[in-house]
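File shown here: my_file-v1.csv, holding CSV, N, CA and C atoms.
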```csv
chain,number,residue,atom,x,y,z
A,104,MET,N,-164.4,11.4,94.0
A,104,MET,CA,-165.7,11.3,94.8
A,104,MET,C,-165.7,9.8,95.4
A,105,GLU,N,-166.1,9.8,96.6
A,105,GLU,CA,-166.2,8.5,97.3
A,105,GLU,C,-167.5,7.8,97.0
A,106,ALA,N,-167.4,6.5,96.8
A,106,ALA,CA,-168.6,5.7,96.4
A,106,ALA,C,-169.4,5.5,97.7
A,107,ILE,N,-170.8,5.4,97.4
A,107,ILE,CA,-171.7,5.1,98.5
A,107,ILE,C,-172.4,3.8,98.2
A,108,LYS,N,-172.9,3.2,99.3
A,108,LYS,CA,-173.6,1.9,99.1
A,108,LYS,C,-175.1,2.2,98.8
A,109,LEU,N,-175.6,1.5,97.9
A,109,LEU,CA,-177.1,1.7,97.5
A,109,LEU,C,-177.7,0.3,97.3
A,110,PHE,N,-178.6,0.0,98.1
A,110,PHE,CA,-179.3,-1.3,98.0
A,110,PHE,C,-178.4,-2.5,98.2
A,111,GLU,N,-177.4,-2.3,99.0
A,111,GLU,CA,-176.4,-3.4,99.3
A,111,GLU,C,-177.1,-4.6,100.0
A,112,ASN,N,-177.9,-4.3,100.9
A,112,ASN,CA,-178.6,-5.4,101.7
A,112,ASN,C,-179.8,-5.8,100.9
A,113,LYS,N,-179.7,-6.8,100.1
A,113,LYS,CA,-180.8,-7.2,99.2
A,113,LYS,C,-182.0,-7.9,100.0
A,114,LYS,N,-181.7,-8.3,101.2
A,114,LYS,CA,-182.8,-8.9,102.1
A,114,LYS,C,-183.6,-7.8,102.8
A,115,ALA,N,-183.1,-6.6,102.9
A,115,ALA,CA,-183.8,-5.6,103.6
A,115,ALA,C,-185.1,-5.3,102.9
A,116,HIS,N,-186.1,-5.1,103.7
A,116,HIS,CA,-187.5,-4.8,103.1
A,116,HIS,C,-187.6,-3.3,102.9
A,117,LEU,N,-188.6,-3.0,102.1
A,117,LEU,CA,-188.9,-1.5,101.9
A,117,LEU,C,-190.0,-1.2,102.9
A,118,ASP,N,-189.7,-0.2,103.7
A,118,ASP,CA,-190.7,0.3,104.7
A,118,ASP,C,-191.2,1.6,104.2
A,119,TRP,N,-192.5,1.9,104.2
A,119,TRP,CA,-193.0,3.2,103.7
A,119,TRP,C,-194.1,3.7,104.6
A,120,GLU,N,-194.3,5.0,104.5
A,120,GLU,CA,-195.4,5.7,105.2
A,120,GLU,C,-195.8,6.9,104.4
A,121,TYR,N,-197.1,7.1,104.2
A,121,TYR,CA,-197.6,8.2,103.4
A,121,TYR,C,-198.3,9.2,104.4
A,122,ASP,N,-197.9,10.4,104.4
A,122,ASP,CA,-198.6,11.4,105.2
A,122,ASP,C,-199.5,12.2,104.3
A,123,GLU,N,-200.8,11.9,104.4
A,123,GLU,CA,-201.8,12.5,103.4
A,123,GLU,C,-201.9,14.0,103.6
A,124,GLU,N,-201.8,14.5,104.8
A,124,GLU,CA,-201.9,15.9,105.1
A,124,GLU,C,-200.8,16.7,104.5
A,125,ALA,N,-199.6,16.1,104.6
A,125,ALA,CA,-198.4,16.8,104.1
A,125,ALA,C,-198.1,16.3,102.6
A,126,ASP,N,-198.9,15.4,102.1
A,126,ASP,CA,-198.7,14.8,100.8
A,126,ASP,C,-197.2,14.4,100.6
A,127,THR,N,-196.7,13.6,101.5
A,127,THR,CA,-195.3,13.3,101.5
A,127,THR,C,-195.2,11.8,101.7
A,128,LEU,N,-194.4,11.1,100.9
A,128,LEU,CA,-194.1,9.7,101.0
A,128,LEU,C,-192.7,9.5,101.6
A,129,TYR,N,-192.6,8.7,102.6
A,129,TYR,CA,-191.4,8.4,103.3
A,129,TYR,C,-191.0,6.9,103.0
A,130,LEU,N,-189.9,6.7,102.3
A,130,LEU,CA,-189.4,5.3,102.0
A,130,LEU,C,-188.2,5.0,102.8
A,131,SER,N,-188.1,3.9,103.4
A,131,SER,CA,-186.9,3.4,104.1
A,131,SER,C,-186.5,2.1,103.6
A,132,PHE,N,-185.2,2.0,103.3
A,132,PHE,CA,-184.6,0.7,102.9
A,132,PHE,C,-184.2,0.0,104.1
A,133,GLY,N,-184.9,-1.0,104.6
A,133,GLY,CA,-184.7,-1.7,105.8
A,133,GLY,C,-185.4,-0.9,106.9
A,134,LYS,N,-185.1,-1.2,108.2
A,134,LYS,CA,-185.8,-0.5,109.3
A,134,LYS,C,-185.4,1.0,109.3
A,135,PRO,N,-186.5,1.8,109.5
A,135,PRO,CA,-186.2,3.3,109.5
A,135,PRO,C,-185.2,3.6,110.6
A,136,ARG,N,-184.3,4.6,110.2
A,136,ARG,CA,-183.3,5.0,111.2
A,136,ARG,C,-182.9,6.4,110.9
A,137,ALA,N,-182.2,7.0,111.9
A,137,ALA,CA,-181.8,8.4,111.8
A,137,ALA,C,-180.7,8.5,110.7
A,138,ALA,N,-180.8,9.6,109.9
A,138,ALA,CA,-179.9,9.8,108.8
A,138,ALA,C,-179.8,11.2,108.4
A,139,LEU,N,-178.8,11.6,107.7
A,139,LEU,CA,-178.6,12.9,107.1
A,139,LEU,C,-179.5,13.1,105.9
A,140,GLY,N,-180.3,14.2,105.9
A,140,GLY,CA,-181.2,14.4,104.7
A,140,GLY,C,-180.4,15.3,103.7
A,141,VAL,N,-180.4,14.8,102.5
A,141,VAL,CA,-179.7,15.5,101.4
A,141,VAL,C,-180.7,15.9,100.4
A,142,ASP,N,-181.0,17.2,100.2
A,142,ASP,CA,-182.0,17.7,99.3
A,142,ASP,C,-181.4,17.5,97.9
A,143,VAL,N,-182.0,16.7,97.1
A,143,VAL,CA,-181.5,16.4,95.7
A,143,VAL,C,-182.4,17.2,94.7
A,144,GLY,N,-183.3,18.0,95.1
A,144,GLY,CA,-184.1,18.9,94.2
A,144,GLY,C,-185.4,18.3,93.9
A,145,GLU,N,-186.3,19.2,93.5
A,145,GLU,CA,-187.7,18.9,93.1
A,145,GLU,C,-188.5,18.1,94.1
A,146,GLY,N,-188.3,18.5,95.4
A,146,GLY,CA,-189.0,17.8,96.5
A,146,GLY,C,-188.6,16.5,96.9
A,147,MET,N,-187.4,16.1,96.5
A,147,MET,CA,-186.8,14.8,96.9
A,147,MET,C,-185.7,14.9,97.9
A,148,ILE,N,-185.7,14.2,98.9
A,148,ILE,CA,-184.7,14.2,100.0
A,148,ILE,C,-184.2,12.8,100.2
A,149,LEU,N,-182.9,12.6,99.9
A,149,LEU,CA,-182.2,11.4,100.1
A,149,LEU,C,-181.8,11.3,101.5
A,150,ARG,N,-182.0,10.1,102.2
A,150,ARG,CA,-181.6,10.0,103.5
A,150,ARG,C,-180.3,9.1,103.5
A,151,TYR,N,-179.3,9.6,104.1
A,151,TYR,CA,-177.9,9.0,104.0
A,151,TYR,C,-177.3,8.7,105.4
A,152,ASP,N,-176.9,7.5,105.7
A,152,ASP,CA,-176.2,7.2,106.9
A,152,ASP,C,-174.7,7.4,106.7
A,153,GLU,N,-174.2,8.4,107.3
A,153,GLU,CA,-172.8,8.8,107.1
A,153,GLU,C,-171.8,7.8,107.7
A,154,LYS,N,-172.2,7.1,108.8
A,154,LYS,CA,-171.4,6.1,109.4
A,154,LYS,C,-171.0,4.9,108.5
A,155,VAL,N,-172.0,4.4,107.9
A,155,VAL,CA,-171.8,3.2,107.0
A,155,VAL,C,-171.8,3.6,105.5
A,156,LYS,N,-171.9,4.9,105.2
A,156,LYS,CA,-171.9,5.4,103.8
A,156,LYS,C,-172.9,4.7,103.0
A,157,GLU,N,-174.2,4.7,103.4
A,157,GLU,CA,-175.2,4.0,102.8
A,157,GLU,C,-176.5,4.8,102.7
A,158,VAL,N,-177.2,4.8,101.5
A,158,VAL,CA,-178.5,5.4,101.4
A,158,VAL,C,-179.5,4.6,102.1
A,159,VAL,N,-180.2,5.2,103.1
A,159,VAL,CA,-181.2,4.4,103.9
A,159,VAL,C,-182.6,4.8,103.6
A,160,GLY,N,-182.9,5.8,102.8
A,160,GLY,CA,-184.2,6.2,102.5
A,160,GLY,C,-184.4,7.3,101.6
A,161,LEU,N,-185.6,7.6,101.3
A,161,LEU,CA,-186.0,8.7,100.3
A,161,LEU,C,-187.3,9.3,100.8
A,162,THR,N,-187.4,10.6,100.8
A,162,THR,CA,-188.6,11.3,101.1
A,162,THR,C,-189.0,12.1,99.8
A,163,ILE,N,-190.3,11.9,99.5
A,163,ILE,CA,-190.8,12.6,98.3
A,163,ILE,C,-192.0,13.5,98.7
A,164,VAL,N,-191.7,14.8,98.6
A,164,VAL,CA,-192.8,15.8,98.9
A,164,VAL,C,-193.6,16.0,97.7
A,165,GLY,N,-195.0,16.0,97.9
A,165,GLY,CA,-195.9,16.3,96.8
A,165,GLY,C,-196.2,15.1,95.9
A,166,VAL,N,-196.1,13.9,96.5
A,166,VAL,CA,-196.2,12.7,95.7
A,166,VAL,C,-197.6,12.6,95.1
A,167,GLY,N,-198.6,12.9,95.8
A,167,GLY,CA,-200.0,12.8,95.3
A,167,GLY,C,-200.2,13.8,94.2
A,168,ARG,N,-199.8,15.0,94.3
A,168,ARG,CA,-199.9,16.0,93.3
A,168,ARG,C,-199.1,15.5,92.0
A,169,ARG,N,-198.0,14.9,92.2
A,169,ARG,CA,-197.2,14.5,91.1
A,169,ARG,C,-198.0,13.4,90.3
A,170,LEU,N,-198.6,12.4,91.1
A,170,LEU,CA,-199.3,11.4,90.4
A,170,LEU,C,-200.5,11.9,89.7
A,171,GLU,N,-201.2,12.8,90.3
A,171,GLU,CA,-202.4,13.4,89.6
A,171,GLU,C,-202.0,14.1,88.3
A,172,ASN,N,-200.9,14.8,88.3
A,172,ASN,CA,-200.4,15.5,87.1
A,172,ASN,C,-200.0,14.5,86.1
A,173,TYR,N,-199.4,13.4,86.5
A,173,TYR,CA,-199.0,12.4,85.5
A,173,TYR,C,-200.2,11.8,84.9
A,174,VAL,N,-201.2,11.4,85.7
A,174,VAL,CA,-202.4,10.8,85.1
A,174,VAL,C,-203.1,11.7,84.2
A,175,ARG,N,-203.2,13.0,84.6
A,175,ARG,CA,-203.8,14.0,83.8
A,175,ARG,C,-203.2,14.2,82.4
A,176,HIS,N,-201.9,14.0,82.3
A,176,HIS,CA,-201.1,14.3,81.1
A,176,HIS,C,-200.8,13.0,80.3
A,177,HIS,N,-201.2,11.8,80.8
A,177,HIS,CA,-200.9,10.6,80.0
A,177,HIS,C,-202.2,9.8,79.7
```
For the file at hand, write its structure as structure tokens.
Amino acid sequence: MEAIKLFENKKAHLDWEYDEEADTLYLSFGKPRAALGVDVGEGMILRYDEKVKEVVGLTIVGVGRRLENYVRHH
């Protein structure tokens, strides 16, 4: 299996956007850019730039519901 880069650019900032209607959190490591979406299960989609072999973001579907469930059970 080929290695991928993850958080290589330590100076890149974390950019995020929350869509309340869709209850979805979009995280981008550095400036948001086009990437391949890889469904890793349980409502999480990893965004991967194939050209530079680097993870550039993460999408979490149902993040508000997850937080409510966590608070309710802890």
Handout entry: Atom-to-atom span, atom CA of A:Arg150 and atom CA of A:Thr162, Å
Key =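 That distance, rounded to one decimal, is 7.5 Å.
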Handout entry: Within 8 Å of A:Lys134 using only N, CA and C atoms, minus same-chain residues under 6 positions, as a PyMOL selection string
Key = chain A and resi 115-118+159
Handout entry: helix (DSSP H, G or I) residues, from DSSP on the backbone, in chain A, as a PyMOL selection string
Key = chain A and resi 166-176
Handout entry: A:Gly140 surroundings by only N, CA and C atoms, 7 Å radius, close-in-sequence under 3 positions cut, as a ChimeraX atom specification
Key = /A:143,148-151
Problem - Atom-to-atom span, atom CA of A:Ala137 and atom CA of A:Gly160, Å - result: 9.9 Å
